[in-house]
Structure formats: C-alpha cells, structure tokens
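These notes concern the structure reproduced below.
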Amino acid sequence: MSLQKSVTKTKPRQVKYLIIGNSAAGVAAVESIRQYDKTGTLAVVSDEPWHTYSRPLISYLLEGKTTQEKMRYRGDSFYQTYSVETHLGVRAEKLDTKKRTVALSDGSVLEYQKLLLATGSVPFVPPMNGCPAPNTGKGVYTFIKLADALALQETVTASTQVVVVGGGLTGVKATEGLLHLTKNISLVELAPRILPNALDTAASDIVKRRLESAAVTINCDASVSEVLTGADGNVSSVRLSDGRTIPCDVLVISIGVRPNVELVKGTDVAVERGILIDESCQTSVPDVFAAGDCVVSHDLTDDSKRILAILPNAYQQGKTAGAVMAGQQKTDKGARPINATSFIGLPLITAGKTNLTPEQAAEQGIEIVVDSEGENYRKLVIQNDRLIGFILLGAAYTKRAGILTDLLNRQVPLSSVGAGVLQTPELLLFDKTERLQRMEGVRSI
Amino acid sequence: MKKVYPNEDWCLGCKLCEVYCAAAHSPYRDVHAAFDTPDGSKPQAGIVVEGDTKHSIAISCRHCPDAPCVEACISGAMQKTSDGVVWCDTTRCVGCMTCVLICPYGAVHKGEGMKTVTKCDLCSCTGEPECVRHCPAFALEYKECEAAQASGRGYASERAFIGDKDSQSGTEQVMEESA
C-alpha cells in the first residue's frame, strides 16, 4: 500500500554490500568484508533499534550478570570503525532479486551489488487453545530478543507466577534469569527430560536437581493444552495435558526457533525450512548470500542438513559469506552442534553426537565412556578410534575442553595421542613434534 | 608479534609462572595479597603448567591470527587488538565458557569461584610478561616467532581494524560474590 507508493517514488540508493541483520552473522560479514575491501559502501539493516548486541546474553541480563550497555556485541565505535551505514529500527520489507533492491519500512529502497541475508530466527509458537498472541501485553512472551527480556524485566516482580514452556537451552536459561525476579516458576517440557537435545538422562537429571533446589517446579512429559485468561484478557492459568492447572500471570514460550525466511518468500531464493546455501554461503540466486540461524547448515556430525541455530556457526558462515562477497575464495564445510553454558553455577559443555541409546550405540559400533562424581558428569562418545561427541558437566570435567573439541573437529585417531587425553586433556599427551609445531602458533584446524 | 614460547626441555614444573601470572591479573597485583585472601579463594593464572616435575610444559595463549575464541565468543568480550593480542574484557564476559570449549590449546581457563575466564594477555604488552620475568629455569621466552616468519606466515594479515576497546574495559579477574 504505502510501500508501493514509496517504491515508485523513491530512487534506490546504491550500496555495494547490503546486510540484512545486525547480529553475529551480520557482524561477522562486516568484519570479513572490511578485511578485503576497506572502502566499498556497506549498509546494515535491522528491524531492532539497538547497537549490535549479544542475543544469548538476554538471560544473563535478567540475571543481572550483564547490563544493556555491556551486552553490546561489539564496541561503541564499531560502525564508524568499519564504515557501516546503519538502518536500525527499520524493517526490510520487500526483496526484488531481479532489480537487486530491498525496500525498507521507512519508504527508502536500497540497491545492492551483493546481498547477505542474516535474518536470524523467529520463535516457534505452537497453537495453544485460548492463548493470547505473544508480546501484546496479555502476559504471553517469547524469549529471543532484547525487547523480550526488557518486557519481562518490567513485568515480573517477586509475586509474579511464571510458567516457562520449553525446557531446551533457551527455556532453562530463561528460567535461570527469571529466578532473579521471582521464585514462582514452573517449567513445562514435552520430552521426558529437560534439555532433551543436548543432554542424556543422567546429565539432565543433575541439572534438573539444581533447578529444583532453586525452587523451580519442573513438569516433564507435559504440554500446555489450554491457556485460561481472566476478565481483563490477561493470562490467569494454564492447563496441562495431564489435566493439572497451574496459576500464572506470565507465560514464556521458548519451545524453539524457526529460520526467519519472511523476506525471501515469493522470490527465487530456494528455501527448505531454512534458506539453502552452498559452501560459499551463496543462495540459489547469484550475489545473494545467507548465513546464521536463517539457513540450512551442514551438520558434520552425521553429514546431514539441518538448522544449527548457534552463535559460533552464525559467525563462521557470516565470515565466509563476507569474504566471498568481497571477491575472495572461501568455503565453509559445515559445523557441529556445540554448546557452552552454565546452570546456576554448574558449567556445561557439549559437542557433536551426545544422545543415543545403548542399542543404537551397539548397532553402530559406538563406544560410550561415562564418568561421574557428584554433580560432575562426563560422557565420551567414540567411534572408529575417533571422538564423535561429548557431554562435560561440572568444573572437574570442563577444564581444557577445547582440546577435546579439537580432537573431534579434526577427527584425530585417538590411538595416535597419549592414553588418557580424553580424561586429562593436555597438549603434553600429543606427539612432541606436533606439539612444538602447534606451539609456534600455526593452527592445524 | 612477540609471544611467550615455552621450552619443555628446560621447564622444572615449579609453577612459579602460574603464581606470578595469577597475582599480576588479580585485583591485588601482589603475590602475597593475591593468594592470602580472606575467603581462601585462589586467583586463576592465564598460563598453566601441564605434566609433572619429570616432564612439563607451560601452556599459554598462542594469540591465533583467526582466533577461534574471539570468533566464537557470544558476548563480544574476547577481542583482538590491532597488535594481535587476544584479550578478554572481563567487564563484558559472562563466563559462558564458549572460549574454553573452542580453544584447541586449552589455553583459556575459568578458575574456581570465578565469574569470568582468564587467559594470557601478554601482560597487556607492558614489557616482558610476568611469567617470563620470574621463570627460574629460563624455560619461557618472550620473542618473535621464528618459524612463522620463516614460513611467511607472519601476522601482517591479521585484521587491522579490530581494537575498539571500551573505556570501562578491563582484564582483571572478577570473583563470584560469596553466597
């Protein structure tokens, strides 16, 4: 409507590089492009009004472990230093790959030579009977953006009853953050355990006990069948699939995320759940690139295509995309799911394949080595003399975890490294020649 | 760039490098005050000795050109200066340990009771790093990397742009509040 009018009226502004998205993948692309092209015009568009900030830190913000100022993903002078023209608080509304233009919500139109789609993800909100629309002031919230955390910070007080739906990493971290605002929190998870993707039952139980000792009520094998509202239209309680009713003023939905592919709908850019990209992060349309949570990634763990919505993966893809956009040859072969976080002071690091039943392991010739001591838990998943995944929970087992990640990433034959390297990750257990070579600072990844 | 190079054939495993590193990066800057704390907490060193007194090596950050810890850091606290020094702004670090997960050298550490991570920052380039200055066995050297220069893999290609530090930044360790 009004957009149509402005498109015909406005002469497109030409930029060499256009990046839609202002988070990890977008920032990585800026840093990468400027490594090779210091002067080409570069514009960043984001519907959020803020200076680039770290999305995963929103739970730490609730917890008081960071501030809005400190959670900036790059320093205050980032855009000046890298000569970036910013369009913040402006939505990219229409992409025309033939004309190579993107129309923005403020009526302006940008014409690009190279475009990067780093549009991230949107929260997945399943249909729930009677549930008011999220983020409309009716007590229902999503939890992926700074605005979500700020809204919760404003609403939740010590007397607020909160129900968090979704016991994955985001849901559990949201719960931990909210614990600083109220002690009345119930977590609802569909799977038989919390953190069902990252953790096995034993590790999940340890985290569960931690949360329960902080007074969180955990309901597994459960889902919300109905959301009940009061006369004011606000959430008043939720009914679970097992019939129980939990009173609640605030409902946080953190079931998961989906790639944000809104902008490419109706264009030639190929999409299958997420935007499809090749090894140089190029989409099916020439000069249109994509990176981060909005794309389908190559999971090296099982050579499959899936959404790997994790920050380090977004950065690597953005870096590759930026280099290729600036005319370099660069490829991104894929990534593995990796996670590092902590739950009320208990550190957790996971990588690769972590979840399989003893039957599956036996079938595939996979060896699983488990150690535990109190709240410390270590699971090593080994196949064909190679480490293919691990769970490290607790300070005793997370030391020097990067050495294990390196063994996993490079698929180093474990028999070529000194015995016990998985239990005590030390460079001293590697071959001396290799160690000296690597200590010179030449990375072999 | 100059870095700290360990000589494992000369290393005694005495861990004095750890002691002086930890003290230099503690809020006290003094060995006695740093280790003799009222609550018994011990500061974390950025250089850590592996092995025992028979065979040991002191491992510290290699300040990688495309540092995986900087690229993977979720908060933006881990940064690289225009001189190539990888350092962690502990005022922005939330202690998530993504850097610990990603460092192939195992050279980033989160000490017990620490809110943030600790790593070698070459003593912020204030001359010879403390670990090198105090190594009684001369097993640590602060020097240019000969192999990297000889093979043409110097550090000239490092990102020249990075290094917009915040004014309130710091590399000092941040302790957990006592519960």
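We label chains A, B, ... in the order they appear in the structure tokens, count residues from 1 in each chain, and number ligands from 1 in the order shown.
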
Interface list for chain A, partner chain B, 6 Å threshold, only C-alpha atoms, as a PyMOL selection string: chain A and resi 54+70+73-75+312+340-341+400-403+406+441

Every residue of region 193-344 of chain A that DSSP places in alpha helix (DSSP H), as a ChimeraX atom specification: /A:201-213,311-325

Secondary structure check, strand (DSSP E or B) residues of region 43-158 of chain B, as a ChimeraX atom specification: /B:48-51,56-59,78-80,86-88,109,114,118,140-144

Got time to write the residues from that selection, C-alpha atoms, as an mmCIF file, in the first residue's frame?
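Writing the result to again00.cif gives the following:
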data_model
loop_
_atom_site.group_PDB
_atom_site.id
_atom_site.type_symbol
_atom_site.label_atom_id
_atom_site.label_comp_id
_atom_site.auth_asym_id
_atom_site.auth_seq_id
_atom_site.Cartn_x
_atom_site.Cartn_y
_atom_site.Cartn_z
ATOM 1 C CA VAL B 48 49.049 -23.226 33.149
ATOM 2 C CA VAL B 49 51.677 -25.943 33.583
ATOM 3 C CA GLU B 50 50.832 -29.375 32.207
ATOM 4 C CA GLY B 51 52.538 -32.543 33.397
ATOM 5 C CA SER B 56 56.195 -30.404 31.980
ATOM 6 C CA ILE B 57 55.267 -27.529 29.729
ATOM 7 C CA ALA B 58 53.694 -24.172 30.471
ATOM 8 C CA ILE B 59 50.880 -23.525 28.022
ATOM 9 C CA MET B 78 37.001 -11.761 23.712
ATOM 10 C CA GLN B 79 38.793 -9.445 21.329
ATOM 11 C CA LYS B 80 41.964 -8.948 19.348
ATOM 12 C CA VAL B 86 43.855 -11.666 22.169
ATOM 13 C CA TRP B 87 42.378 -10.439 25.438
ATOM 14 C CA CYS B 88 39.160 -10.818 27.360
ATOM 15 C CA HIS B 109 40.612 -21.064 31.954
ATOM 16 C CA MET B 114 35.478 -17.036 39.086
ATOM 17 C CA THR B 118 41.295 -15.895 32.424
ATOM 18 C CA LEU B 140 59.847 -19.207 28.925
ATOM 19 C CA GLU B 141 60.888 -16.778 26.235
ATOM 20 C CA TYR B 142 59.141 -13.644 25.033
ATOM 21 C CA LYS B 143 60.075 -13.355 21.374
ATOM 22 C CA GLU B 144 59.004 -13.145 17.775
#

Proximity to Ala22 (chain B) - best of B:Lys2, B:Glu128, B:His134, B:Ala45, only C-alpha atoms: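 The closest residue to Ala22 (chain B) is B:Ala45.
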
Pairwise distance for CA of Ile33 (chain A) and CA of Ile19 (chain A), rounded to one decimal in Å: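 Here the two named atoms are 10.9 Å from each other.
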